[in-house]
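Next comes start_2.cif, a file with mmCIF, C-alpha atoms and all ligand atoms.
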data_model
loop_
_atom_site.label_atom_id
_atom_site.label_comp_id
_atom_site.auth_asym_id
_atom_site.auth_seq_id
_atom_site.Cartn_x
_atom_site.Cartn_y
_atom_site.Cartn_z
CA MET A 1 0.00 0.00 0.00
CA SER A 2 1.33 3.42 -0.84
CA SER A 3 2.11 5.90 1.90
CA VAL A 4 1.73 9.65 1.62
CA LYS A 5 3.87 11.91 3.79
CA ILE A 6 2.41 15.18 5.00
CA VAL A 7 5.15 17.45 6.32
CA TYR A 8 4.08 20.63 8.07
CA TRP A 9 4.99 23.44 10.42
CA SER A 10 2.35 24.97 12.68
CA GLY A 11 2.70 27.44 15.53
CA THR A 12 -0.86 27.60 16.89
CA GLY A 13 -2.44 24.49 15.39
CA ASN A 14 -4.38 25.76 12.37
CA THR A 15 -2.04 24.28 9.78
CA GLU A 16 -1.72 21.14 11.90
CA ALA A 17 -5.51 20.71 11.70
CA MET A 18 -5.23 21.12 7.93
CA ALA A 19 -2.53 18.43 7.84
CA GLN A 20 -4.83 16.02 9.71
CA ALA A 21 -7.60 16.66 7.17
CA VAL A 22 -5.24 15.83 4.29
CA ALA A 23 -4.28 12.63 6.15
CA ASP A 24 -7.96 11.71 6.57
CA GLY A 25 -8.43 12.05 2.82
CA VAL A 26 -5.41 9.84 2.14
CA LYS A 27 -6.72 7.17 4.49
CA ASN A 28 -10.29 7.36 3.16
CA ALA A 29 -8.80 6.65 -0.27
CA GLY A 30 -7.19 3.48 1.08
CA ALA A 31 -3.57 4.58 1.42
CA GLU A 32 -1.39 5.17 4.46
CA ALA A 33 -0.71 8.69 5.68
CA GLU A 34 2.17 9.95 7.79
CA VAL A 35 1.74 13.39 9.36
CA ILE A 36 5.23 14.65 10.19
CA PRO A 37 6.21 17.93 11.89
CA VAL A 38 8.92 19.43 9.70
CA ALA A 39 11.43 19.30 12.56
CA ALA A 40 11.18 15.50 12.41
CA ALA A 41 11.04 15.22 8.61
CA SER A 42 13.78 14.07 6.26
CA VAL A 43 14.39 15.55 2.82
CA ALA A 44 15.63 12.12 1.68
CA ASP A 45 12.24 10.55 2.50
CA LEU A 46 10.45 13.03 0.28
CA ALA A 47 13.08 12.82 -2.44
CA SER A 48 12.21 9.14 -2.84
CA ALA A 49 8.44 9.76 -2.96
CA LYS A 50 6.39 10.61 -6.05
CA ALA A 51 3.74 12.66 -4.27
CA PHE A 52 3.50 14.34 -0.87
CA ALA A 53 2.05 17.35 0.90
CA LEU A 54 3.70 20.35 2.51
CA GLY A 55 1.94 22.69 4.93
CA CYS A 56 3.03 25.99 6.44
CA PRO A 57 1.22 29.16 7.53
CA SER A 58 2.10 32.61 6.29
CA MET A 59 4.79 33.89 8.63
CA GLY A 60 7.28 36.74 8.70
CA ALA A 61 5.99 39.08 6.03
CA GLU A 62 4.27 36.65 3.62
CA GLN A 63 7.01 34.06 4.05
CA LEU A 64 7.44 30.46 5.09
CA GLU A 65 8.32 29.98 8.74
CA GLU A 66 12.03 30.77 8.75
CA GLY A 67 13.44 28.57 11.53
CA GLU A 68 12.42 25.12 10.27
CA MET A 69 10.22 25.21 7.16
CA GLU A 70 12.26 27.61 5.05
CA PRO A 71 15.54 25.67 5.50
CA PHE A 72 13.70 22.39 4.82
CA MET A 73 12.18 23.80 1.66
CA ALA A 74 15.56 25.13 0.53
CA ASP A 75 17.11 21.67 1.01
CA LEU A 76 14.20 19.96 -0.75
CA GLU A 77 14.10 22.27 -3.75
CA SER A 78 16.73 20.44 -5.84
CA SER A 79 14.77 17.16 -5.42
CA LEU A 80 11.38 18.50 -6.50
CA GLY A 81 11.64 17.77 -10.23
CA GLY A 82 8.80 15.51 -11.38
CA LYS A 83 7.08 15.39 -7.97
CA SER A 84 3.40 16.02 -7.32
CA VAL A 85 3.16 18.35 -4.34
CA GLY A 86 0.07 19.34 -2.40
CA LEU A 87 0.46 22.68 -0.61
CA PHE A 88 -1.66 24.03 2.23
CA GLY A 89 -1.50 26.50 5.07
CA SER A 90 -3.32 28.97 7.25
CA TYR A 91 -2.94 32.75 7.21
CA GLY A 92 -4.08 35.66 9.32
CA TRP A 93 -4.47 38.92 7.46
CA GLY A 94 -2.55 38.93 4.22
CA ASN A 95 -3.42 38.38 0.56
CA GLN A 96 -2.08 34.82 0.31
CA GLU A 97 1.11 36.07 -1.32
CA TRP A 98 3.13 33.50 0.61
CA MET A 99 1.14 30.70 -1.00
CA ARG A 100 1.44 32.17 -4.51
CA ASP A 101 5.22 32.47 -3.99
CA TRP A 102 5.41 28.92 -2.66
CA GLU A 103 3.47 27.52 -5.64
CA GLU A 104 5.78 29.40 -8.00
CA ARG A 105 8.84 28.10 -6.21
CA CYS A 106 7.65 24.48 -6.50
CA LYS A 107 6.79 24.90 -10.18
CA ASN A 108 10.14 26.54 -10.91
CA ALA A 109 11.82 23.54 -9.28
CA GLY A 110 10.00 21.23 -11.69
CA ALA A 111 7.20 20.00 -9.43
CA SER A 112 3.53 19.83 -10.28
CA VAL A 113 1.35 21.53 -7.67
CA VAL A 114 -1.74 19.37 -7.21
CA ASN A 115 -4.85 21.26 -8.42
CA GLY A 116 -2.53 23.98 -9.71
CA GLU A 117 -2.61 25.90 -6.44
CA GLY A 118 -2.28 25.44 -2.71
CA ILE A 119 -5.13 25.50 -0.21
CA ALA A 120 -4.84 28.66 1.88
CA PHE A 121 -7.39 29.46 4.57
CA LEU A 122 -7.81 32.28 7.06
CA GLY A 123 -7.50 30.90 10.59
CA ALA A 124 -8.74 27.41 11.47
CA PRO A 125 -10.12 25.36 8.57
CA ASP A 126 -13.92 25.39 8.18
CA ASP A 127 -15.96 22.42 6.95
CA ALA A 128 -15.60 23.31 3.27
CA THR A 129 -11.84 23.66 3.64
CA VAL A 130 -11.58 20.37 5.52
CA SER A 131 -13.45 18.77 2.65
CA ALA A 132 -11.09 20.34 0.08
CA LEU A 133 -8.10 19.15 2.10
CA GLN A 134 -9.53 15.63 2.22
CA ASP A 135 -9.93 15.74 -1.56
CA LEU A 136 -6.30 16.80 -1.82
CA GLY A 137 -5.34 13.80 0.31
CA ALA A 138 -7.35 11.48 -1.93
CA ALA A 139 -5.65 12.92 -5.01
CA LEU A 140 -2.22 12.41 -3.45
CA ALA A 141 -3.12 8.81 -2.61
CA THR A 142 -3.69 8.10 -6.31
CA LEU A 143 -0.44 9.83 -7.29
CA ALA A 144 1.84 8.27 -4.65
C1 LIG B 201 5.32 36.01 13.45
C2 LIG B 201 4.06 35.88 12.63
C3 LIG B 201 4.04 36.39 11.35
C4 LIG B 201 2.88 36.30 10.57
N1 LIG B 201 2.87 36.84 9.32
C5 LIG B 201 1.73 36.77 8.56
C6 LIG B 201 1.70 37.32 7.26
O1 LIG B 201 2.69 37.89 6.74
N2 LIG B 201 0.53 37.22 6.56
C7 LIG B 201 -0.59 36.63 7.06
O2 LIG B 201 -1.61 36.55 6.38
N3 LIG B 201 -0.57 36.08 8.32
C8 LIG B 201 0.55 36.14 9.06
N4 LIG B 201 0.57 35.58 10.32
C9 LIG B 201 -0.63 34.93 10.83
C10 LIG B 201 -0.57 33.41 10.73
O3 LIG B 201 -0.35 33.00 9.41
C11 LIG B 201 -1.89 32.85 11.24
O4 LIG B 201 -2.04 33.16 12.60
C12 LIG B 201 -2.02 31.36 11.02
O5 LIG B 201 -3.36 30.96 11.31
C13 LIG B 201 -1.06 30.57 11.89
O6 LIG B 201 -1.17 29.20 11.56
P1 LIG B 201 -0.77 28.05 12.59
O7 LIG B 201 -1.89 27.98 13.62
O8 LIG B 201 -0.67 26.82 11.78
O9 LIG B 201 0.52 28.46 13.21
C14 LIG B 201 1.71 35.67 11.11
C15 LIG B 201 1.76 35.15 12.41
C16 LIG B 201 2.90 35.25 13.17
C17 LIG B 201 2.91 34.66 14.56
#

Please lay out the structure from this file as C-alpha cells.
Ligand SMILES: Cc1cc2nc3c(=O)[nH]c(=O)nc-3n(C[C@H](O)[C@H](O)[C@H](O)COP(=O)(O)O)c2cc1C
Amino acid sequence: MSSVKIVYWSGTGNTEAMAQAVADGVKNAGAEAEVIPVAAASVADLASAKAFALGCPSMGAEQLEEGEMEPFMADLESSLGGKSVGLFGSYGWGNQEWMRDWEERCKNAGASVVNGEGIAFLGAPDDATVSALQDLGAALATLA
C-alpha cells in the first residue's frame, strides 16, 4: 500500500488541523498517511516519494516559517523535479502572497502543484476547507 507523507509546520495548530484533514483524505482513499512535523522530517524521504504534501502558515511578512520550514524547503528544492506536491496553510491577514510564492517556487523547481494551487485558509479550517483538504489527500493517494 502506498504511503503519503504530509510534512508541516504549525505554531498555533491551524495548519496542523489542515494536515490532519489531508491525512484523513489519504486514508479514506485506502492509502497510508504519515503526518510529520517538519522538525522530524527528512528531505531524503520526500526525495524518494512521487507525491507528498507540505503545509506551512504565512509567517514573517508573507514568508514560510524561517526557523524550520524555510531551511527544509531550501534543502528539498533540488529534489522537487517531477514530484506532485500538495500545498496548504493557514494565514491571518494577508493576501495569500506567501502561497502564490510557494506555488511558483515548486513549479520553478520542476514539481507539479496538485490542483494547480495550494489550499490557503484564514485561521482554522472550516468544513468546506476540511473537505477540500480531504480531496487533496485522496488525489495524493492516487499519485503516490
Ligand atoms: C510572526 C508571525 C508572522 C505572521 N505573518 C503573517 C503574514 O505575513 N501574513 C498573514 O496573512 N498572516 C501572518 N501571520 C498569521 C498566521 O499565518 C496565522 O495566525 C495562522 O493561522 C497561523 O497558523 P498556525 O496555527 O498553523 O501556526 C503571522 C503570524 C505570526 C505569529

Using only C-alpha atoms, pick whichever of A:Glu68, A:Glu32, A:Asp45, A:Glu103 has the shortest atom-to-atom distance to Gly86 of chain A. A:Glu103

To check your reading of the model: which residues sit at most 9 Å from ligand LIG 201 (chain B) when counting all atoms listed in the file? Write the answer as an MDAnalysis selection string. chainID A and resid 8:18 55:65 89:98 121:124

Between atom CA of Val114 of chain A and atom CA of Ala29 of chain A, measure the distance and give it in Å to one decimal.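 Interatomic distance here is 16.1 Å.
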
Using all atoms listed in the file, pick whichever of A:Ala53, A:Leu80, A:Val4, A:Ala40 has the shortest atom-to-atom distance to Cys106 of chain A.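 Once distances to Cys106 of chain A are computed over all atoms listed in the file, the minimum belongs to A:Leu80.
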
Quick one: pull the distance between atom CA of Glu34 of chain A and atom CA of Ser2 of chain A, Å, one decimal.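 That distance, rounded to one decimal, is 10.9 Å.
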
Which distance in Å separates atom CA of Ala23 of chain A and atom CA of Ser78 of chain A, to one decimal?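 So the two atoms, atom CA of Ala23 of chain A and atom CA of Ser78 of chain A, lie 25.4 Å apart.
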
Can you tell me which residues surround Leu46 of chain A at a distance of at most 12 Å, considering all atoms listed in the file, apart from same-chain residues fewer than 2 positions away, and format the answer as a PyMOL selection string? chain A and resi 3-7+34+36+38+41-44+48-54+72-73+75-81+83-85+144

Using 6 Å of padding on each side, determine the axis-aligned box around all atoms of segment 33-43 of chain A present in the file and give its centre and edge lengths in Å to one decimal, as JSON.
{"center_x": 6.8, "center_y": 14.1, "center_z": 7.7, "size_x": 27.1, "size_y": 22.7, "size_z": 21.7}

Choose the residue, out of A:Gly118, A:Ala138, A:Asp127, A:Ser112, that has the smallest atom-to-atom separation from Ala33 of chain A; count only C-alpha atoms.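 Once distances to Ala33 of chain A are computed over only C-alpha atoms, the minimum belongs to A:Ala138.
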
Neighbour list for Asp135 of chain A as an mmCIF file with C-alpha atoms, in the coordinates of the input, cut-off 10 Å, all atoms listed in the file, skip fewer than 2 positions in-chain:
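And here is the file that came out, part-v3.cif:
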data_model
loop_
_atom_site.group_PDB
_atom_site.id
_atom_site.type_symbol
_atom_site.label_atom_id
_atom_site.label_comp_id
_atom_site.auth_asym_id
_atom_site.auth_seq_id
_atom_site.Cartn_x
_atom_site.Cartn_y
_atom_site.Cartn_z
ATOM 1 C CA ALA A 21 -7.600 16.660 7.170
ATOM 2 C CA VAL A 22 -5.240 15.830 4.290
ATOM 3 C CA ASP A 24 -7.960 11.710 6.570
ATOM 4 C CA GLY A 25 -8.430 12.050 2.820
ATOM 5 C CA VAL A 26 -5.410 9.840 2.140
ATOM 6 C CA ASN A 28 -10.290 7.360 3.160
ATOM 7 C CA ALA A 29 -8.800 6.650 -0.270
ATOM 8 C CA THR A 129 -11.840 23.660 3.640
ATOM 9 C CA VAL A 130 -11.580 20.370 5.520
ATOM 10 C CA SER A 131 -13.450 18.770 2.650
ATOM 11 C CA ALA A 132 -11.090 20.340 0.080
ATOM 12 C CA LEU A 133 -8.100 19.150 2.100
ATOM 13 C CA GLY A 137 -5.340 13.800 0.310
ATOM 14 C CA ALA A 138 -7.350 11.480 -1.930
ATOM 15 C CA ALA A 139 -5.650 12.920 -5.010
ATOM 16 C CA LEU A 140 -2.220 12.410 -3.450
ATOM 17 C CA ALA A 141 -3.120 8.810 -2.610
#

May I ask which of the residues A:Leu143, A:Leu136, A:Ala39, A:Ala74 is the closest one to Asn115 of chain A, counting all atoms listed in the file?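 Closest to Asn115 of chain A, using all atoms listed in the file: A:Leu136.
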
Please determine, counting all atoms listed in the file, which residue among A:Ala19, A:Ala120, A:Ala31, A:Ala128 has the shortest atom-to-atom distance to Arg100 of chain A.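 Using all atoms listed in the file, Arg100 of chain A sits closest to A:Ala120.
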